[in-house]
file coords_7.pdb (PDB, N, CA, C and O atoms)
ATOM      1  N   MET U   1       8.581  -1.039 -10.473  1.00  0.00           N
ATOM      2  CA  MET U   1       8.467  -0.045  -9.436  1.00  0.00           C
ATOM      3  C   MET U   1       9.819   0.614  -9.156  1.00  0.00           C
ATOM      4  O   MET U   1       9.875   1.786  -8.876  1.00  0.00           O
ATOM      5  N   LEU U   2      10.898  -0.157  -9.208  1.00  0.00           N
ATOM      6  CA  LEU U   2      12.209   0.406  -8.886  1.00  0.00           C
ATOM      7  C   LEU U   2      12.619   1.553  -9.805  1.00  0.00           C
ATOM      8  O   LEU U   2      13.111   2.574  -9.311  1.00  0.00           O
ATOM      9  N   PRO U   3      12.440   1.448 -11.130  1.00  0.00           N
ATOM     10  CA  PRO U   3      12.784   2.592 -11.980  1.00  0.00           C
ATOM     11  C   PRO U   3      11.977   3.852 -11.618  1.00  0.00           C
ATOM     12  O   PRO U   3      12.514   4.960 -11.629  1.00  0.00           O
ATOM     13  N   LEU U   4      10.709   3.690 -11.279  1.00  0.00           N
ATOM     14  CA  LEU U   4       9.890   4.836 -10.880  1.00  0.00           C
ATOM     15  C   LEU U   4      10.423   5.446  -9.582  1.00  0.00           C
ATOM     16  O   LEU U   4      10.513   6.664  -9.444  1.00  0.00           O
ATOM     17  N   MET U   5      10.798   4.593  -8.641  1.00  0.00           N
ATOM     18  CA  MET U   5      11.364   5.107  -7.388  1.00  0.00           C
ATOM     19  C   MET U   5      12.669   5.838  -7.649  1.00  0.00           C
ATOM     20  O   MET U   5      12.907   6.915  -7.098  1.00  0.00           O
ATOM     21  N   ASP U   6      13.516   5.279  -8.507  1.00  0.00           N
ATOM     22  CA  ASP U   6      14.795   5.926  -8.820  1.00  0.00           C
ATOM     23  C   ASP U   6      14.592   7.282  -9.475  1.00  0.00           C
ATOM     24  O   ASP U   6      15.276   8.244  -9.143  1.00  0.00           O
ATOM     25  N   SER U   7      13.637   7.372 -10.386  1.00  0.00           N
ATOM     26  CA  SER U   7      13.432   8.634 -11.110  1.00  0.00           C
ATOM     27  C   SER U   7      12.734   9.696 -10.271  1.00  0.00           C
ATOM     28  O   SER U   7      12.863  10.879 -10.536  1.00  0.00           O
ATOM     29  N   SER U   8      12.001   9.283  -9.236  1.00  0.00           N
ATOM     30  CA  SER U   8      11.262  10.260  -8.440  1.00  0.00           C
ATOM     31  C   SER U   8      11.970  10.623  -7.134  1.00  0.00           C
ATOM     32  O   SER U   8      11.570  11.544  -6.444  1.00  0.00           O
ATOM     33  N   GLY U   9      13.015   9.879  -6.779  1.00  0.00           N
ATOM     34  CA  GLY U   9      13.725  10.151  -5.540  1.00  0.00           C
ATOM     35  C   GLY U   9      13.025   9.602  -4.305  1.00  0.00           C
ATOM     36  O   GLY U   9      13.374   9.942  -3.185  1.00  0.00           O
ATOM     37  N   VAL U  10      12.055   8.731  -4.492  1.00  0.00           N
ATOM     38  CA  VAL U  10      11.324   8.137  -3.370  1.00  0.00           C
ATOM     39  C   VAL U  10      12.242   7.178  -2.628  1.00  0.00           C
ATOM     40  O   VAL U  10      13.006   6.440  -3.231  1.00  0.00           O
ATOM     41  N   ASP U  11      12.155   7.194  -1.305  1.00  0.00           N
ATOM     42  CA  ASP U  11      12.973   6.296  -0.496  1.00  0.00           C
ATOM     43  C   ASP U  11      12.223   5.049  -0.047  1.00  0.00           C
ATOM     44  O   ASP U  11      12.825   4.024   0.235  1.00  0.00           O
ATOM     45  N   VAL U  12      10.900   5.130   0.058  1.00  0.00           N
ATOM     46  CA  VAL U  12      10.102   4.021   0.563  1.00  0.00           C
ATOM     47  C   VAL U  12       8.859   3.876  -0.305  1.00  0.00           C
ATOM     48  O   VAL U  12       8.231   4.867  -0.671  1.00  0.00           O
ATOM     49  N   ALA U  13       8.501   2.645  -0.626  1.00  0.00           N
ATOM     50  CA  ALA U  13       7.265   2.375  -1.349  1.00  0.00           C
ATOM     51  C   ALA U  13       6.414   1.444  -0.501  1.00  0.00           C
ATOM     52  O   ALA U  13       6.928   0.542   0.157  1.00  0.00           O
ATOM     53  N   ALA U  14       5.114   1.675  -0.507  1.00  0.00           N
ATOM     54  CA  ALA U  14       4.189   0.820   0.228  1.00  0.00           C
ATOM     55  C   ALA U  14       3.069   0.425  -0.719  1.00  0.00           C
ATOM     56  O   ALA U  14       2.698   1.190  -1.598  1.00  0.00           O
ATOM     57  N   PHE U  15       2.554  -0.772  -0.527  1.00  0.00           N
ATOM     58  CA  PHE U  15       1.571  -1.314  -1.447  1.00  0.00           C
ATOM     59  C   PHE U  15       0.400  -1.908  -0.681  1.00  0.00           C
ATOM     60  O   PHE U  15       0.553  -2.417   0.419  1.00  0.00           O
ATOM     61  N   ARG U  16      -0.764  -1.869  -1.323  1.00  0.00           N
ATOM     62  CA  ARG U  16      -1.874  -2.655  -0.806  1.00  0.00           C
ATOM     63  C   ARG U  16      -1.471  -4.114  -0.926  1.00  0.00           C
ATOM     64  O   ARG U  16      -0.653  -4.471  -1.764  1.00  0.00           O
ATOM     65  N   TYR U  17      -2.024  -4.960  -0.117  1.00  0.00           N
ATOM     66  CA  TYR U  17      -1.606  -6.357  -0.139  1.00  0.00           C
ATOM     67  C   TYR U  17      -2.775  -7.274   0.175  1.00  0.00           C
ATOM     68  O   TYR U  17      -3.814  -6.838   0.655  1.00  0.00           O
ATOM     69  N   SER U  18      -2.585  -8.548  -0.122  1.00  0.00           N
ATOM     70  CA  SER U  18      -3.516  -9.607   0.255  1.00  0.00           C
ATOM     71  C   SER U  18      -2.765 -10.572   1.158  1.00  0.00           C
ATOM     72  O   SER U  18      -1.551 -10.706   1.058  1.00  0.00           O
ATOM     73  N   VAL U  19      -3.481 -11.231   2.029  1.00  0.00           N
ATOM     74  CA  VAL U  19      -2.871 -12.167   2.968  1.00  0.00           C
ATOM     75  C   VAL U  19      -3.101 -13.595   2.478  1.00  0.00           C
ATOM     76  O   VAL U  19      -4.220 -13.970   2.170  1.00  0.00           O
ATOM     77  N   LEU U  20      -2.031 -14.371   2.386  1.00  0.00           N
ATOM     78  CA  LEU U  20      -2.095 -15.776   1.997  1.00  0.00           C
ATOM     79  C   LEU U  20      -1.404 -16.571   3.096  1.00  0.00           C
ATOM     80  O   LEU U  20      -0.208 -16.463   3.297  1.00  0.00           O
ATOM     81  N   ARG U  21      -2.181 -17.338   3.849  1.00  0.00           N
ATOM     82  CA  ARG U  21      -1.622 -18.062   4.991  1.00  0.00           C
ATOM     83  C   ARG U  21      -1.129 -19.461   4.612  1.00  0.00           C
ATOM     84  O   ARG U  21      -0.176 -19.960   5.178  1.00  0.00           O
ATOM     85  N   THR U  22      -1.786 -20.115   3.661  1.00  0.00           N
ATOM     86  CA  THR U  22      -1.337 -21.422   3.186  1.00  0.00           C
ATOM     87  C   THR U  22      -1.388 -21.428   1.671  1.00  0.00           C
ATOM     88  O   THR U  22      -2.112 -20.644   1.063  1.00  0.00           O
ATOM     89  N   ALA U  23      -0.634 -22.339   1.058  1.00  0.00           N
ATOM     90  CA  ALA U  23      -0.519 -22.367  -0.397  1.00  0.00           C
ATOM     91  C   ALA U  23      -1.851 -22.647  -1.086  1.00  0.00           C
ATOM     92  O   ALA U  23      -2.077 -22.196  -2.198  1.00  0.00           O
ATOM     93  N   ASP U  24      -2.762 -23.393  -0.447  1.00  0.00           N
ATOM     94  CA  ASP U  24      -4.019 -23.739  -1.105  1.00  0.00           C
ATOM     95  C   ASP U  24      -5.177 -22.823  -0.686  1.00  0.00           C
ATOM     96  O   ASP U  24      -6.320 -23.059  -1.054  1.00  0.00           O
ATOM     97  N   GLU U  25      -4.893 -21.791   0.045  1.00  0.00           N
ATOM     98  CA  GLU U  25      -5.930 -20.876   0.525  1.00  0.00           C
ATOM     99  C   GLU U  25      -6.111 -19.713  -0.446  1.00  0.00           C
ATOM    100  O   GLU U  25      -5.161 -19.259  -1.091  1.00  0.00           O
ATOM    101  N   ILE U  26      -7.313 -19.219  -0.568  1.00  0.00           N
ATOM    102  CA  ILE U  26      -7.593 -18.039  -1.386  1.00  0.00           C
ATOM    103  C   ILE U  26      -7.095 -16.819  -0.610  1.00  0.00           C
ATOM    104  O   ILE U  26      -7.376 -16.682   0.576  1.00  0.00           O
ATOM    105  N   PRO U  27      -6.340 -15.919  -1.270  1.00  0.00           N
ATOM    106  CA  PRO U  27      -5.839 -14.742  -0.552  1.00  0.00           C
ATOM    107  C   PRO U  27      -6.978 -13.919   0.049  1.00  0.00           C
ATOM    108  O   PRO U  27      -8.013 -13.726  -0.579  1.00  0.00           O
ATOM    109  N   GLY U  28      -6.768 -13.457   1.256  1.00  0.00           N
ATOM    110  CA  GLY U  28      -7.739 -12.594   1.922  1.00  0.00           C
ATOM    111  C   GLY U  28      -7.306 -11.142   1.815  1.00  0.00           C
ATOM    112  O   GLY U  28      -6.170 -10.845   1.466  1.00  0.00           O
ATOM    113  N   GLY U  29      -8.198 -10.249   2.128  1.00  0.00           N
ATOM    114  CA  GLY U  29      -7.888  -8.830   2.059  1.00  0.00           C
ATOM    115  C   GLY U  29      -7.032  -8.371   3.223  1.00  0.00           C
ATOM    116  O   GLY U  29      -6.703  -9.136   4.128  1.00  0.00           O
ATOM    117  N   MET U  30      -6.671  -7.120   3.176  1.00  0.00           N
ATOM    118  CA  MET U  30      -5.907  -6.526   4.264  1.00  0.00           C
ATOM    119  C   MET U  30      -6.786  -6.456   5.509  1.00  0.00           C
ATOM    120  O   MET U  30      -8.000  -6.315   5.399  1.00  0.00           O
ATOM    121  N   PRO U  31      -6.191  -6.516   6.691  1.00  0.00           N
ATOM    122  CA  PRO U  31      -6.970  -6.324   7.911  1.00  0.00           C
ATOM    123  C   PRO U  31      -7.634  -4.937   7.885  1.00  0.00           C
ATOM    124  O   PRO U  31      -7.092  -3.994   7.304  1.00  0.00           O
ATOM    125  N   PRO U  32      -8.798  -4.792   8.508  1.00  0.00           N
ATOM    126  CA  PRO U  32      -9.524  -3.517   8.462  1.00  0.00           C
ATOM    127  C   PRO U  32      -8.698  -2.307   8.892  1.00  0.00           C
ATOM    128  O   PRO U  32      -8.800  -1.244   8.282  1.00  0.00           O
ATOM    129  N   VAL U  33      -7.854  -2.447   9.895  1.00  0.00           N
ATOM    130  CA  VAL U  33      -7.063  -1.289  10.341  1.00  0.00           C
ATOM    131  C   VAL U  33      -6.128  -0.814   9.232  1.00  0.00           C
ATOM    132  O   VAL U  33      -5.991   0.388   8.995  1.00  0.00           O
ATOM    133  N   ASP U  34      -5.479  -1.736   8.515  1.00  0.00           N
ATOM    134  CA  ASP U  34      -4.606  -1.354   7.404  1.00  0.00           C
ATOM    135  C   ASP U  34      -5.410  -0.778   6.248  1.00  0.00           C
ATOM    136  O   ASP U  34      -5.012   0.209   5.636  1.00  0.00           O
ATOM    137  N   LYS U  35      -6.532  -1.395   5.916  1.00  0.00           N
ATOM    138  CA  LYS U  35      -7.370  -0.904   4.816  1.00  0.00           C
ATOM    139  C   LYS U  35      -7.852   0.523   5.093  1.00  0.00           C
ATOM    140  O   LYS U  35      -7.848   1.369   4.205  1.00  0.00           O
ATOM    141  N   ASN U  36      -8.230   0.803   6.322  1.00  0.00           N
ATOM    142  CA  ASN U  36      -8.682   2.153   6.670  1.00  0.00           C
ATOM    143  C   ASN U  36      -7.567   3.177   6.490  1.00  0.00           C
ATOM    144  O   ASN U  36      -7.809   4.292   6.024  1.00  0.00           O
ATOM    145  N   ILE U  37      -6.341   2.802   6.854  1.00  0.00           N
ATOM    146  CA  ILE U  37      -5.204   3.717   6.663  1.00  0.00           C
ATOM    147  C   ILE U  37      -4.991   3.977   5.183  1.00  0.00           C
ATOM    148  O   ILE U  37      -4.867   5.119   4.749  1.00  0.00           O
ATOM    149  N   TRP U  38      -4.952   2.903   4.377  1.00  0.00           N
ATOM    150  CA  TRP U  38      -4.733   3.074   2.938  1.00  0.00           C
ATOM    151  C   TRP U  38      -5.845   3.903   2.308  1.00  0.00           C
ATOM    152  O   TRP U  38      -5.584   4.783   1.503  1.00  0.00           O
ATOM    153  N   ASP U  39      -7.090   3.601   2.655  1.00  0.00           N
ATOM    154  CA  ASP U  39      -8.203   4.346   2.084  1.00  0.00           C
ATOM    155  C   ASP U  39      -8.119   5.820   2.461  1.00  0.00           C
ATOM    156  O   ASP U  39      -8.425   6.697   1.650  1.00  0.00           O
ATOM    157  N   GLY U  40      -7.677   6.111   3.697  1.00  0.00           N
ATOM    158  CA  GLY U  40      -7.540   7.491   4.124  1.00  0.00           C
ATOM    159  C   GLY U  40      -6.448   8.236   3.383  1.00  0.00           C
ATOM    160  O   GLY U  40      -6.574   9.418   3.091  1.00  0.00           O
ATOM    161  N   VAL U  41      -5.370   7.543   3.054  1.00  0.00           N
ATOM    162  CA  VAL U  41      -4.251   8.174   2.356  1.00  0.00           C
ATOM    163  C   VAL U  41      -4.508   8.243   0.850  1.00  0.00           C
ATOM    164  O   VAL U  41      -4.285   9.272   0.215  1.00  0.00           O
ATOM    165  N   LEU U  42      -4.994   7.145   0.262  1.00  0.00           N
ATOM    166  CA  LEU U  42      -5.150   7.084  -1.190  1.00  0.00           C
ATOM    167  C   LEU U  42      -6.517   7.514  -1.687  1.00  0.00           C
ATOM    168  O   LEU U  42      -6.648   7.921  -2.841  1.00  0.00           O
ATOM    169  N   GLY U  43      -7.553   7.401  -0.874  1.00  0.00           N
ATOM    170  CA  GLY U  43      -8.896   7.708  -1.361  1.00  0.00           C
ATOM    171  C   GLY U  43      -9.244   6.790  -2.517  1.00  0.00           C
ATOM    172  O   GLY U  43      -9.082   5.583  -2.429  1.00  0.00           O
ATOM    173  N   ASP U  44      -9.679   7.343  -3.639  1.00  0.00           N
ATOM    174  CA  ASP U  44     -10.049   6.561  -4.820  1.00  0.00           C
ATOM    175  C   ASP U  44      -8.869   6.289  -5.752  1.00  0.00           C
ATOM    176  O   ASP U  44      -9.021   5.623  -6.764  1.00  0.00           O
ATOM    177  N   ARG U  45      -7.688   6.837  -5.432  1.00  0.00           N
ATOM    178  CA  ARG U  45      -6.529   6.675  -6.320  1.00  0.00           C
ATOM    179  C   ARG U  45      -5.911   5.293  -6.147  1.00  0.00           C
ATOM    180  O   ARG U  45      -5.953   4.710  -5.072  1.00  0.00           O
ATOM    181  N   GLU U  46      -5.342   4.780  -7.212  1.00  0.00           N
ATOM    182  CA  GLU U  46      -4.635   3.505  -7.167  1.00  0.00           C
ATOM    183  C   GLU U  46      -3.254   3.673  -6.554  1.00  0.00           C
ATOM    184  O   GLU U  46      -2.705   2.755  -5.974  1.00  0.00           O
ATOM    185  N   SER U  47      -2.671   4.852  -6.714  1.00  0.00           N
ATOM    186  CA  SER U  47      -1.345   5.112  -6.170  1.00  0.00           C
ATOM    187  C   SER U  47      -1.216   6.607  -5.905  1.00  0.00           C
ATOM    188  O   SER U  47      -2.001   7.406  -6.398  1.00  0.00           O
ATOM    189  N   ALA U  48      -0.225   6.960  -5.115  1.00  0.00           N
ATOM    190  CA  ALA U  48       0.024   8.365  -4.808  1.00  0.00           C
ATOM    191  C   ALA U  48       1.440   8.498  -4.261  1.00  0.00           C
ATOM    192  O   ALA U  48       1.984   7.559  -3.695  1.00  0.00           O
ATOM    193  N   ILE U  49       2.003   9.664  -4.446  1.00  0.00           N
ATOM    194  CA  ILE U  49       3.251  10.004  -3.789  1.00  0.00           C
ATOM    195  C   ILE U  49       2.861  10.873  -2.610  1.00  0.00           C
ATOM    196  O   ILE U  49       2.228  11.918  -2.773  1.00  0.00           O
ATOM    197  N   VAL U  50       3.211  10.418  -1.423  1.00  0.00           N
ATOM    198  CA  VAL U  50       2.779  11.080  -0.201  1.00  0.00           C
ATOM    199  C   VAL U  50       3.989  11.370   0.668  1.00  0.00           C
ATOM    200  O   VAL U  50       4.807  10.476   0.891  1.00  0.00           O
ATOM    201  N   GLU U  51       4.116  12.582   1.123  1.00  0.00           N
ATOM    202  CA  GLU U  51       5.169  12.916   2.084  1.00  0.00           C
ATOM    203  C   GLU U  51       4.808  12.278   3.428  1.00  0.00           C
ATOM    204  O   GLU U  51       3.634  12.175   3.772  1.00  0.00           O
ATOM    205  N   LEU U  52       5.792  11.831   4.178  1.00  0.00           N
ATOM    206  CA  LEU U  52       5.514  11.188   5.444  1.00  0.00           C
ATOM    207  C   LEU U  52       4.713  12.096   6.377  1.00  0.00           C
ATOM    208  O   LEU U  52       3.853  11.637   7.102  1.00  0.00           O
ATOM    209  N   ASP U  53       4.980  13.393   6.351  1.00  0.00           N
ATOM    210  CA  ASP U  53       4.232  14.337   7.187  1.00  0.00           C
ATOM    211  C   ASP U  53       2.761  14.374   6.832  1.00  0.00           C
ATOM    212  O   ASP U  53       1.913  14.585   7.678  1.00  0.00           O
ATOM    213  N   GLU U  54       2.415  14.156   5.545  1.00  0.00           N
ATOM    214  CA  GLU U  54       1.029  14.176   5.096  1.00  0.00           C
ATOM    215  C   GLU U  54       0.264  12.937   5.558  1.00  0.00           C
ATOM    216  O   GLU U  54      -0.933  12.980   5.780  1.00  0.00           O
ATOM    217  N   ALA U  55       0.967  11.813   5.656  1.00  0.00           N
ATOM    218  CA  ALA U  55       0.311  10.547   5.965  1.00  0.00           C
ATOM    219  C   ALA U  55       0.000  10.403   7.463  1.00  0.00           C
ATOM    220  O   ALA U  55      -0.823   9.598   7.847  1.00  0.00           O
ATOM    221  N   ALA U  56       0.676  11.178   8.282  1.00  0.00           N
ATOM    222  CA  ALA U  56       0.494  11.044   9.749  1.00  0.00           C
ATOM    223  C   ALA U  56      -0.854  11.551  10.191  1.00  0.00           C
ATOM    224  O   ALA U  56      -1.509  12.328   9.620  1.00  0.00           O
TER     225      ALA U  56
END
call {"tool": "encode", "arguments": {"input": "coords_7.pdb", "output": "structure tokens"}}
result
Amino acid sequence: MLPLMDSSGVDVAAFRYSVLRTADEIPGGMPPVDKNIWDGVLGDRESAIVELDEAA
């Protein structure tokens, strides 16, 4: 990811994530509020370059 950020001039990268509370637990999904934000910004895309003004 770092080489892509360097070549594109991006200052911040954000990723979808899973939550792991204990070492033997199966990772859970993102909380619904975070998932809704990501889905609204990314739609069906796996990744996107988004200006901060666009994401608000």
call {"tool": "resolve_selection", "arguments": {"input": "coords_7.pdb", "expression": "the PyMOL selection byres ((chain U and resi 14-17) around 8)", "output": "PyMOL selection string"}}
result
chain U and resi 11-13+18-20+27-31+34+38+46-48
call {"tool": "select_by_dssp", "arguments": {"input": "coords_7.pdb", "residues": "chain U", "states": "alpha helix (DSSP H)", "output": "PyMOL selection string"}}
result
chain U and resi 2-8+32-42+52-55
call {"tool": "atom_distance", "arguments": {"input": "coords_7.pdb", "atom1": "CA of Asp44 in chain U", "atom2": "CA of Val10 in chain U"}}
result
21.5 Å
call {"tool": "atom_distance", "arguments": {"input": "coords_7.pdb", "atom1": "atom N of Lys35 in chain U", "atom2": "atom O of Thr22 in chain U"}}
result
20.3 Å
call {"tool": "atom_distance", "arguments": {"input": "coords_7.pdb", "atom1": "CA of Ile49 in chain U", "atom2": "atom O of Ser8 in chain U"}}
result
8.9 Å
call {"tool": "axis_aligned_box", "arguments": {"input": "coords_7.pdb", "around": "range 34-46 of chain U", "padding_each_side": "8 Å", "output": "AutoDock Vina command-line options"}}
result
--center_x -6.4 --center_y 3.8 --center_z 0.7 --size_x 23.3 --size_y 27.2 --size_z 31.7
call {"tool": "decode", "arguments": {"input": "coords_7.pdb", "residues": "range 11-46 of chain U", "atoms": "N, CA and C atoms", "output": "mmCIF file, in the first residue's frame"}}
result
data_model
loop_
_atom_site.group_PDB
_atom_site.id
_atom_site.type_symbol
_atom_site.label_atom_id
_atom_site.label_comp_id
_atom_site.auth_asym_id
_atom_site.auth_seq_id
_atom_site.Cartn_x
_atom_site.Cartn_y
_atom_site.Cartn_z
ATOM 1 N N ASP U 11 -2.375 11.172 1.290
ATOM 2 C CA ASP U 11 -1.856 11.404 2.634
ATOM 3 C C ASP U 11 -2.421 10.436 3.665
ATOM 4 N N VAL U 12 -3.614 9.903 3.422
ATOM 5 C CA VAL U 12 -4.278 9.035 4.385
ATOM 6 C C VAL U 12 -4.890 7.856 3.643
ATOM 7 N N ALA U 13 -4.760 6.668 4.210
ATOM 8 C CA ALA U 13 -5.407 5.485 3.656
ATOM 9 C C ALA U 13 -6.319 4.902 4.723
ATOM 10 N N ALA U 14 -7.475 4.421 4.302
ATOM 11 C CA ALA U 14 -8.414 3.791 5.223
ATOM 12 C C ALA U 14 -8.827 2.457 4.625
ATOM 13 N N PHE U 15 -9.082 1.497 5.490
ATOM 14 C CA PHE U 15 -9.357 0.145 5.040
ATOM 15 C C PHE U 15 -10.580 -0.411 5.752
ATOM 16 N N ARG U 16 -11.274 -1.304 5.054
ATOM 17 C CA ARG U 16 -12.283 -2.097 5.740
ATOM 18 C C ARG U 16 -11.550 -2.957 6.753
ATOM 19 N N TYR U 17 -12.209 -3.360 7.791
ATOM 20 C CA TYR U 17 -11.523 -4.117 8.832
ATOM 21 C C TYR U 17 -12.456 -5.140 9.458
ATOM 22 N N SER U 18 -11.861 -6.075 10.178
ATOM 23 C CA SER U 18 -12.589 -7.042 10.993
ATOM 24 C C SER U 18 -12.157 -6.837 12.436
ATOM 25 N N VAL U 19 -13.028 -7.158 13.356
ATOM 26 C CA VAL U 19 -12.739 -6.983 14.776
ATOM 27 C C VAL U 19 -12.376 -8.333 15.387
ATOM 28 N N LEU U 20 -11.244 -8.389 16.075
ATOM 29 C CA LEU U 20 -10.792 -9.589 16.773
ATOM 30 C C LEU U 20 -10.544 -9.189 18.221
ATOM 31 N N ARG U 21 -11.385 -9.678 19.121
ATOM 32 C CA ARG U 21 -11.285 -9.272 20.524
ATOM 33 C C ARG U 21 -10.365 -10.189 21.335
ATOM 34 N N THR U 22 -10.324 -11.475 21.005
ATOM 35 C CA THR U 22 -9.417 -12.404 21.676
ATOM 36 C C THR U 22 -8.741 -13.263 20.625
ATOM 37 N N ALA U 23 -7.602 -13.850 20.986
ATOM 38 C CA ALA U 23 -6.808 -14.609 20.024
ATOM 39 C C ALA U 23 -7.550 -15.827 19.482
ATOM 40 N N ASP U 24 -8.456 -16.429 20.264
ATOM 41 C CA ASP U 24 -9.134 -17.638 19.804
ATOM 42 C C ASP U 24 -10.527 -17.351 19.227
ATOM 43 N N GLU U 25 -10.868 -16.111 19.068
ATOM 44 C CA GLU U 25 -12.188 -15.733 18.558
ATOM 45 C C GLU U 25 -12.148 -15.561 17.042
ATOM 46 N N ILE U 26 -13.225 -15.879 16.377
ATOM 47 C CA ILE U 26 -13.347 -15.662 14.936
ATOM 48 C C ILE U 26 -13.570 -14.165 14.719
ATOM 49 N N PRO U 27 -12.822 -13.546 13.785
ATOM 50 C CA PRO U 27 -13.006 -12.109 13.558
ATOM 51 C C PRO U 27 -14.447 -11.776 13.176
ATOM 52 N N GLY U 28 -14.947 -10.699 13.727
ATOM 53 C CA GLY U 28 -16.286 -10.222 13.395
ATOM 54 C C GLY U 28 -16.200 -9.082 12.394
ATOM 55 N N GLY U 29 -17.311 -8.739 11.813
ATOM 56 C CA GLY U 29 -17.339 -7.661 10.837
ATOM 57 C C GLY U 29 -17.269 -6.294 11.488
ATOM 58 N N MET U 30 -17.226 -5.293 10.655
ATOM 59 C CA MET U 30 -17.227 -3.920 11.142
ATOM 60 C C MET U 30 -18.581 -3.621 11.779
ATOM 61 N N PRO U 31 -18.621 -2.724 12.753
ATOM 62 C CA PRO U 31 -19.905 -2.306 13.308
ATOM 63 C C PRO U 31 -20.776 -1.702 12.193
ATOM 64 N N PRO U 32 -22.093 -1.830 12.293
ATOM 65 C CA PRO U 32 -22.981 -1.344 11.230
ATOM 66 C C PRO U 32 -22.760 0.118 10.846
ATOM 67 N N VAL U 33 -22.485 0.984 11.802
ATOM 68 C CA VAL U 33 -22.290 2.401 11.458
ATOM 69 C C VAL U 33 -21.077 2.573 10.545
ATOM 70 N N ASP U 34 -19.975 1.871 10.821
ATOM 71 C CA ASP U 34 -18.794 1.949 9.960
ATOM 72 C C ASP U 34 -19.062 1.315 8.602
ATOM 73 N N LYS U 35 -19.717 0.166 8.583
ATOM 74 C CA LYS U 35 -20.022 -0.512 7.318
ATOM 75 C C LYS U 35 -20.890 0.374 6.419
ATOM 76 N N ASN U 36 -21.857 1.052 6.998
ATOM 77 C CA ASN U 36 -22.715 1.940 6.208
ATOM 78 C C ASN U 36 -21.917 3.082 5.590
ATOM 79 N N ILE U 37 -20.961 3.625 6.343
ATOM 80 C CA ILE U 37 -20.114 4.697 5.798
ATOM 81 C C ILE U 37 -19.290 4.168 4.637
ATOM 82 N N TRP U 38 -18.629 3.016 4.837
ATOM 83 C CA TRP U 38 -17.801 2.451 3.769
ATOM 84 C C TRP U 38 -18.638 2.127 2.538
ATOM 85 N N ASP U 39 -19.791 1.504 2.742
ATOM 86 C CA ASP U 39 -20.639 1.154 1.611
ATOM 87 C C ASP U 39 -21.083 2.403 0.861
ATOM 88 N N GLY U 40 -21.359 3.493 1.597
ATOM 89 C CA GLY U 40 -21.762 4.732 0.957
ATOM 90 C C GLY U 40 -20.653 5.365 0.141
ATOM 91 N N VAL U 41 -19.421 5.241 0.609
ATOM 92 C CA VAL U 41 -18.284 5.833 -0.092
ATOM 93 C C VAL U 41 -17.804 4.931 -1.229
ATOM 94 N N LEU U 42 -17.688 3.625 -0.966
ATOM 95 C CA LEU U 42 -17.119 2.713 -1.956
ATOM 96 C C LEU U 42 -18.144 2.065 -2.867
ATOM 97 N N GLY U 43 -19.385 1.928 -2.430
ATOM 98 C CA GLY U 43 -20.366 1.214 -3.244
ATOM 99 C C GLY U 43 -19.904 -0.212 -3.471
ATOM 100 N N ASP U 44 -19.869 -0.663 -4.715
ATOM 101 C CA ASP U 44 -19.445 -2.022 -5.058
ATOM 102 C C ASP U 44 -17.938 -2.141 -5.279
ATOM 103 N N ARG U 45 -17.211 -1.016 -5.207
ATOM 104 C CA ARG U 45 -15.767 -1.047 -5.480
ATOM 105 C C ARG U 45 -15.007 -1.591 -4.276
ATOM 106 N N GLU U 46 -13.901 -2.244 -4.541
ATOM 107 C CA GLU U 46 -13.029 -2.741 -3.483
ATOM 108 C C GLU U 46 -12.183 -1.617 -2.906
#
